[in-house]
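Student: Below is a structure I'd like to ask you about.
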Amino acid sequence: MEINSGLSNIRYLHIVRGLAALLVVFFHAKYVFWVGGTIYMEEVGLHSFWDYVVFSADMLSSCGKQCVIVFFILSAFVIKHSFTTHQAKWSNFYKIRLIRIYWPFLLSLVFSILVLFLCVNYINPDIYTRDLRGYNLRLSDAYDGFSVGQVIKTIFFIDYGEYAGFNYAYWSLGHELLFYILFPVYNILGRNTRFGVIAAFAVLFLLTGSSVFYYQVFFIAGLILYDYFSNFSKAPVIKYKILYLFILAGFFVAVNLSNRMISEKASDIVTLVFSFFIFDYVLWFVHRKNYLLMKLGDISYSLYLNHLPLLLLTYSVVTLYAGKLVFYNRLPYYSGVIVAVVLTIPLYLLTEKPSINYLKKLRR
C-alpha cells in the first residue's frame with residue numbers, strides 16, 4: 001500500500017471544507033423550504049420502505065452547526081501550517097487574515113441586505129408573515145429590525161437579534177476573528193498547556209454559558225491535531241482504506257444521530273473525534289486531485305457567506321409561482337441547494353477571487 005508521509009497531502013483537506021459547506025447549505029435549505037421532521041410525519045407520513053430511506057437521508061443533513069465546527073478545527077489546522085511554513089510577520093498575518101475574511105464578508109452583507117428588501121418588497125411580499133412558522137417570523141423580525149445600528153452590530157459580529165440581511169450564517173465569523181486575535185498566544189503554548197487551556201475554557205463555559213469560550217476549544221483542538229500530524233503521525237490509524245471509509249460513514253451517522261437523540265453538545269464532541277479521523281484519512285489515503293471537489297473547496301467560503309440570501313431569493317421566486325409558502329415536497333429544497341451552489345460561482349469570481357489574487361501579490 002502506497003501512503004504519503006507527514007503533511008504532504010494537506011492541500012486535499014480543501015475537499016473537507018467544500019463538503020462541509022455543502023452540508024450546511026442542505027441543512028439551511030430544509031429550514032427555508034421543506035416542512036420536515038415531526039410535522040412532515042404527521043401531515044404526510046412514511047408509507048413504504050423507500051419513504052423511510054429518503055427521510056433518513058434527509059435527517060443525515062441535520063449537522064449544520066457541526067459542519068461549522070469542522071471549519072473551526074480545519075481553519076486552525078491550516079493557519080498553523082501556513083504560519084509555520086511561511087514564517088510570516090504578525091503584521092502581515094493580520095493583514096492577510098482581515099482581507100481574506102472581511103472583504104468577501106462586507107460584500108456578502110451588502111448582497112444579503114439587497115436580497116432581503118428585494119424579496120419582501122418586490123418579488124413576493126407574502127413571505128413577510130408572522131403567522132406561519134419560525135423561518136418567516138425570523139425573516140419578518142430581520143426586516144423590521146433593519147437599522148444602521150443593526151448593520152454596525154453585524155459588521156462587528158455582535159450576536160444580538162437577527163443579523164442585518166437575515167444572514168444568520170455570520171454567527172461563526174466572530175469566533176473565527178477572535179481566534180485570529182488570540183492565535184499569537186495559542187501559537188507559543190506547548191501541547192500540554194493547550195490541553196490546560198481547553199480545560200479552562202470548558203470550565204468557563206460551564207460557569208458562564210458563553211459560547212465564546214466553547215467554540216475557542218475547537219480552534220485549539222485544531223492546533224493540537226496539527227501538532228500530532230506534523231510530529232507524531234507515521235502511519236494511518238486504520239490501515240485498510242475500505243474499512244476506513246465504512247468507519248467514516250459510521251461517524252457521520254453518529255454525528256447526526258447524537259444531535260437528534262442526545263444533545264447538540266454530544267454531537268459536537270463526536271464531531272471533534274470524527275475530524276481527527278477525517279484528517280487522518282485525507283492526509284494518508286487521498287492521492288489524486290478531484291477537480292470538482294477541489295473547486296467546491298475553492299468556493300466554500302463564498303458559498304457559506306452567500307447561500308442564505310441565495311436560498312431566500314430562490315424561496316421568494318418559488319413561492320410566488322407555486323402560490324404557497326411551505327412545501328412537503330423535497331424538490332424545492334433540492335432545487336434551492338443547486339441554485340445556491342451555481343449562483344455562488346459568479347459571486348465568488350466577483351468578490352472573493354479578487355481578494356485572493358491580491359493576497360497572492362501581497363505574499364510575494
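How things are named: the first chain in the C-alpha cells is A, the next is B, and so on; residues count from 1 in each chain; ligands count from 1 in the order shown.
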For range 209-310 of chain A versus range 177-201 of chain A, which residues have an atom no more than 8 Å away, and what is each residue's nearest atom pair and distance in Å rounded to one decimal, using only C-alpha atoms, chain-then-number order, as CSV?
Tutor:
residue,atom,partner,partner_atom,distance
A:Phe213,CA,A:Phe201,CA,5.1
A:Tyr214,CA,A:Phe201,CA,6.6
A:Gln216,CA,A:Phe179,CA,6.8
A:Val217,CA,A:Ile198,CA,5.4
A:Phe219,CA,A:Phe179,CA,7.0
A:Ile220,CA,A:Arg194,CA,6.8
A:Ala221,CA,A:Ile198,CA,7.9
A:Ile224,CA,A:Arg191,CA,6.6
A:Asp227,CA,A:Arg191,CA,7.7
Student: Those same residues, written as a CSV table (one decimal), in the first residue's frame with N, CA and C atoms?
Tutor:
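Just written: result-v4.csv:
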chain,number,residue,atom,x,y,z
A,213,PHE,N,-16.2,31.0,24.9
A,213,PHE,CA,-15.2,30.0,25.5
A,213,PHE,C,-15.4,28.7,24.8
A,214,TYR,N,-16.7,28.3,24.5
A,214,TYR,CA,-17.0,27.0,24.0
A,214,TYR,C,-16.3,26.8,22.6
A,216,GLN,N,-13.9,28.4,21.1
A,216,GLN,CA,-12.4,28.5,21.0
A,216,GLN,C,-11.8,27.1,21.3
A,217,VAL,N,-12.5,26.3,22.1
A,217,VAL,CA,-12.0,24.9,22.3
A,217,VAL,C,-11.7,24.2,21.0
A,219,PHE,N,-11.0,25.5,18.0
A,219,PHE,CA,-9.8,26.0,17.4
A,219,PHE,C,-8.5,25.5,18.0
A,220,ILE,N,-8.4,25.5,19.3
A,220,ILE,CA,-7.2,25.0,20.0
A,220,ILE,C,-7.1,23.5,19.6
A,221,ALA,N,-8.2,22.7,19.6
A,221,ALA,CA,-8.1,21.3,19.2
A,221,ALA,C,-7.5,21.2,17.8
A,224,ILE,N,-3.8,21.4,18.2
A,224,ILE,CA,-3.3,20.1,18.7
A,224,ILE,C,-3.2,19.0,17.7
A,227,ASP,N,-0.2,19.6,15.5
A,227,ASP,CA,1.0,19.1,16.2
A,227,ASP,C,1.1,17.6,16.1
Student: Please provide as a PyMOL selection string all residues within 12 Å of Lys360 in chain A, with the sequence filter that same-chain residues fewer than 5 positions apart are discarded (counting only C-alpha atoms).
Tutor: chain A and resi 96+99-100+353-355
Student: With only C-alpha atoms as the basis for distance, which of A:Ile269, A:Ser140, A:Ser172, A:Phe105 is at the shortest distance from Asp126 in chain A?
Tutor: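 Checking each of A:Ile269, A:Ser140, A:Ser172, A:Phe105 against Asp126 in chain A, counting only C-alpha atoms, the winner is A:Ser140.
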Student: Can you work out which one of A:Leu308, A:Val273, A:Ala20, A:Leu331 has the shortest atom-to-atom distance to Phe166 in chain A, counting only C-alpha atoms?
Tutor: A:Leu308
Student: Output as an MDAnalysis selection string all residues of range 94-217 of chain A that backbone DSSP marks as helix (DSSP H, G or I).
Tutor: chainID A and resid 94:123 125:127 134:144 148:155 164:166 168:188 191:208 211:217
Student: With a distance cut-off of 12 Å and only C-alpha atoms, select the neighbouring residues of Ala266 in chain A, excluding the residue or stretch itself and same-chain residues fewer than 6 positions from it, and output the selection as a PyMOL selection string.
Tutor: chain A and resi 63+66+254-260+272-273
Student: For the residues in the current selection, export N, CA and C atoms as a PDB file, in the first residue's frame.
Tutor:
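Contents of the output file again11.pdb:
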ATOM      1  N   CYS A  63     -26.685  18.249  10.475  1.00  0.00           N
ATOM      2  CA  CYS A  63     -25.488  18.571  11.261  1.00  0.00           C
ATOM      3  C   CYS A  63     -24.849  19.870  10.795  1.00  0.00           C
ATOM      4  N   GLN A  66     -22.460  21.387  13.329  1.00  0.00           N
ATOM      5  CA  GLN A  66     -21.285  20.518  13.485  1.00  0.00           C
ATOM      6  C   GLN A  66     -20.327  20.683  12.294  1.00  0.00           C
ATOM      7  N   ALA A 254     -23.259   8.819  13.290  1.00  0.00           N
ATOM      8  CA  ALA A 254     -23.235   9.064  14.735  1.00  0.00           C
ATOM      9  C   ALA A 254     -23.358  10.548  15.062  1.00  0.00           C
ATOM     10  N   VAL A 255     -22.736  11.404  14.246  1.00  0.00           N
ATOM     11  CA  VAL A 255     -22.851  12.852  14.463  1.00  0.00           C
ATOM     12  C   VAL A 255     -24.309  13.289  14.360  1.00  0.00           C
ATOM     13  N   ASN A 256     -24.990  12.820  13.329  1.00  0.00           N
ATOM     14  CA  ASN A 256     -26.389  13.210  13.131  1.00  0.00           C
ATOM     15  C   ASN A 256     -27.307  12.595  14.183  1.00  0.00           C
ATOM     16  N   LEU A 257     -27.104  11.315  14.502  1.00  0.00           N
ATOM     17  CA  LEU A 257     -27.964  10.653  15.481  1.00  0.00           C
ATOM     18  C   LEU A 257     -27.786  11.252  16.876  1.00  0.00           C
ATOM     19  N   SER A 258     -26.548  11.513  17.267  1.00  0.00           N
ATOM     20  CA  SER A 258     -26.325  12.098  18.589  1.00  0.00           C
ATOM     21  C   SER A 258     -26.911  13.493  18.675  1.00  0.00           C
ATOM     22  N   ASN A 259     -26.904  14.210  17.554  1.00  0.00           N
ATOM     23  CA  ASN A 259     -27.502  15.542  17.525  1.00  0.00           C
ATOM     24  C   ASN A 259     -29.011  15.473  17.734  1.00  0.00           C
ATOM     25  N   ARG A 260     -29.635  14.461  17.150  1.00  0.00           N
ATOM     26  CA  ARG A 260     -31.092  14.306  17.232  1.00  0.00           C
ATOM     27  C   ARG A 260     -31.533  13.615  18.517  1.00  0.00           C
ATOM     28  N   LEU A 272     -15.692  16.346  16.915  1.00  0.00           N
ATOM     29  CA  LEU A 272     -14.274  16.560  17.184  1.00  0.00           C
ATOM     30  C   LEU A 272     -13.469  15.290  16.920  1.00  0.00           C
ATOM     31  N   VAL A 273     -13.968  14.160  17.412  1.00  0.00           N
ATOM     32  CA  VAL A 273     -13.281  12.881  17.170  1.00  0.00           C
ATOM     33  C   VAL A 273     -13.343  12.522  15.682  1.00  0.00           C
TER      34      VAL A 273
END
Student: If you take only C-alpha atoms and a cut-off of 7 Å, which residues of range 299-358 of chain A touch range 108-124 of chain A, and what are their nearest atom pairs and distances in Å to one decimal, in chain and number order, as JSON lines?
Tutor:
{"residue": "A:Leu305", "atom": "CA", "partner": "A:Ser108", "partner_atom": "CA", "distance": 6.2}
{"residue": "A:Asn306", "atom": "CA", "partner": "A:Ser108", "partner_atom": "CA", "distance": 6.1}
{"residue": "A:Pro309", "atom": "CA", "partner": "A:Ser112", "partner_atom": "CA", "distance": 5.3}
{"residue": "A:Leu313", "atom": "CA", "partner": "A:Cys119", "partner_atom": "CA", "distance": 6.4}
{"residue": "A:Ser316", "atom": "CA", "partner": "A:Asn124", "partner_atom": "CA", "distance": 5.6}
{"residue": "A:Val317", "atom": "CA", "partner": "A:Ile123", "partner_atom": "CA", "distance": 6.6}
{"residue": "A:Leu320", "atom": "CA", "partner": "A:Asn124", "partner_atom": "CA", "distance": 5.7}
Student: Tell me, as a JSON list (two decimals) with C-alpha atoms, in the first residue's frame, which residues lie within 10 Å of Lys324 in chain A, counting only C-alpha atoms; anything in the same chain fewer than 5 positions away does not count.
Tutor:
[["chain", "number", "residue", "atom", "x", "y", "z"],
["A", 126, "ASP", "CA", -46.37, 37.26, 1.14],
["A", 127, "ILE", "CA", -43.21, 35.74, 2.61],
["A", 318, "VAL", "CA", -40.65, 29.56, -5.99],
["A", 319, "THR", "CA", -43.37, 30.55, -3.51]]
Student: I need the residue nearest Phe26 in chain A from this list: A:Pro125, A:Pro346, A:Gly64, A:Gly45. Use only C-alpha atoms for the distance.
Tutor: A:Gly64
Student: Considering only C-alpha atoms, state which residue in the set A:Phe205, A:Phe274, A:Tyr135, A:Tyr240 is at the smallest distance from Ala29 in chain A.
Tutor: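 Closest to Ala29 in chain A, using only C-alpha atoms: A:Tyr135.
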Student: Can you tell me, as a short mmCIF file (atom, residue, chain, number, x, y, z; two decimals) with C-alpha atoms, in the first residue's frame, what residues are no more than 9 Å from Tyr281 in chain A when counting only C-alpha atoms, ignoring any on the same chain fewer than 5 positions away?
Tutor:
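Okay, out_4.cif is ready:
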data_model
loop_
_atom_site.label_atom_id
_atom_site.label_comp_id
_atom_site.auth_asym_id
_atom_site.auth_seq_id
_atom_site.Cartn_x
_atom_site.Cartn_y
_atom_site.Cartn_z
CA PRO A 236 -2.79 5.93 9.23
CA VAL A 237 -4.68 4.89 12.32
CA ILE A 238 -6.63 2.38 10.24
CA LYS A 241 -8.90 2.13 3.01
CA TYR A 244 -11.69 3.32 6.94
CA LEU A 245 -14.46 4.55 4.62
CA LEU A 248 -16.05 7.40 8.49
CA PHE A 276 -9.37 13.56 13.60
CA VAL A 286 -6.14 10.77 -0.86
#
Student: Go through A:Tyr315, A:Trp103, A:Ser210, A:Ser147 one by one, measure the shortest atom-to-atom distance of each to Ser302 in chain A using only C-alpha atoms, and give the residue with the smallest value.
Tutor: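 For Ser302 in chain A, the nearest of the candidates is A:Trp103.
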Student: For Leu13 in chain A, find every residue with an atom within 9 Å (counting only C-alpha atoms), except residues of its own chain fewer than 4 positions away, and show them as a list of chain:residue names.
Tutor: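 Final neighbour list, sorted by chain and number: A:Asn9, A:Arg17, A:Leu74, A:Val78, A:Ile278, A:Phe279, A:Val282, A:Leu283, A:Gly297.
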Student: Could the residues in this selection be written to a file with N, CA and C atoms, as a PDB file, in the first residue's frame?
Tutor:
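Ended up saving to out24.pdb:
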ATOM      1  N   ASN A   9      -0.103  15.776   1.899  1.00  0.00           N
ATOM      2  CA  ASN A   9      -1.422  15.839   1.263  1.00  0.00           C
ATOM      3  C   ASN A   9      -2.317  16.907   1.883  1.00  0.00           C
ATOM      4  N   ARG A  17     -13.407  21.084   3.487  1.00  0.00           N
ATOM      5  CA  ARG A  17     -14.059  22.381   3.629  1.00  0.00           C
ATOM      6  C   ARG A  17     -15.250  22.507   2.667  1.00  0.00           C
ATOM      7  N   LEU A  74     -10.481  22.862  11.125  1.00  0.00           N
ATOM      8  CA  LEU A  74      -9.688  22.898   9.902  1.00  0.00           C
ATOM      9  C   LEU A  74      -8.999  24.248   9.730  1.00  0.00           C
ATOM     10  N   VAL A  78      -4.975  24.584   9.270  1.00  0.00           N
ATOM     11  CA  VAL A  78      -4.362  25.118   8.052  1.00  0.00           C
ATOM     12  C   VAL A  78      -3.595  26.404   8.346  1.00  0.00           C
ATOM     13  N   ILE A 278     -11.193  12.073   9.868  1.00  0.00           N
ATOM     14  CA  ILE A 278     -11.267  12.648   8.524  1.00  0.00           C
ATOM     15  C   ILE A 278      -9.894  13.125   8.076  1.00  0.00           C
ATOM     16  N   PHE A 279      -9.216  13.887   8.942  1.00  0.00           N
ATOM     17  CA  PHE A 279      -7.894  14.404   8.593  1.00  0.00           C
ATOM     18  C   PHE A 279      -6.922  13.255   8.352  1.00  0.00           C
ATOM     19  N   VAL A 282      -7.684  11.665   4.908  1.00  0.00           N
ATOM     20  CA  VAL A 282      -7.304  12.505   3.769  1.00  0.00           C
ATOM     21  C   VAL A 282      -5.786  12.598   3.645  1.00  0.00           C
ATOM     22  N   LEU A 283      -5.100  12.805   4.746  1.00  0.00           N
ATOM     23  CA  LEU A 283      -3.654  13.003   4.698  1.00  0.00           C
ATOM     24  C   LEU A 283      -2.889  11.755   4.289  1.00  0.00           C
ATOM     25  N   GLY A 297     -14.281  23.241  -2.787  1.00  0.00           N
ATOM     26  CA  GLY A 297     -13.496  23.800  -1.697  1.00  0.00           C
ATOM     27  C   GLY A 297     -13.097  25.244  -1.971  1.00  0.00           C
TER      28      GLY A 297
END
Student: CA of Ile79 in chain A and CA of Leu223 in chain A are how many Å apart?
Tutor: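 Separating CA of Ile79 in chain A from CA of Leu223 in chain A is a distance of 8.9 Å.
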Student: Which value, in Å to one decimal, gives the distance between CA of Lys65 in chain A and CA of Leu343 in chain A?
Tutor: 22.9 Å
Student: Give me the residues within 9 Å of range 156-161 of chain A as a list in words, counting only C-alpha atoms and dropping any in the same chain fewer than 3 places off.
Tutor: Asp141, Ala142, Gly145, Gln150, Val151, Ile152, Lys153, Tyr170, Trp171, Ser172, Leu173, Gly174 and His175 of chain A
